[in-house]
Amino acid sequence: MSGQRFDREVLLEQASRARSKRNWRRAIALYRELLAVEPNNIELHERIAPLLAATRQEFDAWNSYRVVAHHALREGREDRAIAVFREATAALPREIQAWQGLARLLVRQSEPDAAIEVLLEGSRQFRAHFHRPQAIHLLRRARAVDPWHFETVLELALHLGRSDQQAEAALLLEGLAERCQERQLRRVRTAALAVTPGARSLMRWLTSWRGREERLLELPAPKASRAAPVLTLAPDPEPTRRRDARVMKPVTDAEPEDDRSTAAF
């Protein structure tokens, strides 16, 4: 028994030394030798998972991450499980189950907005044509959390349009157009023009931009700044001369003073 314990410590030390020297394959081989005897050792899975991901052994890496996360959940440590799933999504961005597991835990913790952001981020890891079904699947999961989240529906419609599912894409964009205004509406009309090109889509796209131009024309002119200098015109000399002449005119026939004007007061 003491010999087995000694061998285990030696293997752990050798694996740690190999990992510090970035000899990852050697470290993986040693950890696997230990896992053959202790397949449920969580500490070993925690150590080997990032090494497997770094050497592009995605399937085995995800299995180790999943073992660690499920162990944390069994112990009621959801925060720890979330941290493990986050690490897995960073190390294995093409592992769809990692994104789904992280989003599911965030919903359980009453963080739907964070869950939607995770699913959106995950869908953006699958932009290639042959990965598009995974992107569509994650976006549909995001719609299950919030059916009319703007970015979710817009990106889902674009993916569907590129996957020969224009009918569903058009329905989604029509529903989204009824729920947004101005700049978002222009983005929806642009997406609709890409999904279902044609005269109708083009006219709707032009109309969305024409409304913006009309609003710009209706804006009031900018007010002059208070600090702007005030220009004053020189007085017209002609009225002055006329006024002076009227003052200097001699009085020849003085009109009698009207007593009634003063009696009125």
# chains A, B, ... in the order shown; residues from 1 in each chain; ligands from 1
$ select_by_dssp --residues "range 160-215 of chain A" --states "alpha helix (DSSP H)" --output "ChimeraX atom specification"
/A:160-162,166-177,182-195,199-215
$ closest_atom_pairs --of "range 82-130 of chain A" --to "range 140-143 of chain A" --cutoff "8 Å" --atoms "only C-alpha atoms" --output "CSV"
residue,atom,partner,partner_atom,distance
A:Ala115,CA,A:Ala142,CA,7.6
A:Ile116,CA,A:Ala142,CA,5.3
A:Leu119,CA,A:Ala142,CA,6.0
A:Leu120,CA,A:Ala142,CA,7.4
$ atom_distance --atom1 "CA of Leu102 in chain A" --atom2 "CA of Phe85 in chain A"
5.5 Å
$ residues_around --residues "range 32-49 of chain A" --least-positions-apart "6" --cutoff "7 Å" --atoms "only C-alpha atoms" --output "JSON, numbers by chain"
{"A": [61, 64, 65, 68]}
$ write_last_selection --atoms "C-alpha atoms" --output "PDB file, in the first residue's frame"
ATOM      1  CA  ALA A  61     -11.107  17.719 -22.560  1.00  0.00           C
ATOM      2  CA  SER A  64     -13.031  16.097 -17.913  1.00  0.00           C
ATOM      3  CA  TYR A  65     -14.603  19.559 -17.662  1.00  0.00           C
ATOM      4  CA  VAL A  68     -15.670  18.565 -12.641  1.00  0.00           C
TER       5      VAL A  68
END
$ atom_distance --atom1 "CA of Leu173 in chain A" --atom2 "CA of Gln97 in chain A"
28.0 Å
$ residues_around --residues "Trp205 in chain A" --least-positions-apart "4" --cutoff "10 Å" --atoms "only C-alpha atoms" --output "list of chain:residue names"
A:Leu185, A:Arg186, A:Arg187, A:Val188, A:Arg189, A:Thr190, A:Ala191, A:Ala192, A:Leu193, A:Ala199, A:Arg200, A:Ser201, A:Trp209, A:Arg210
$ closest_residue --among "A:Val153, A:Ile28, A:Ala114, A:Leu139" --to "Phe126 in chain A" --atoms "only C-alpha atoms"
A:Leu139
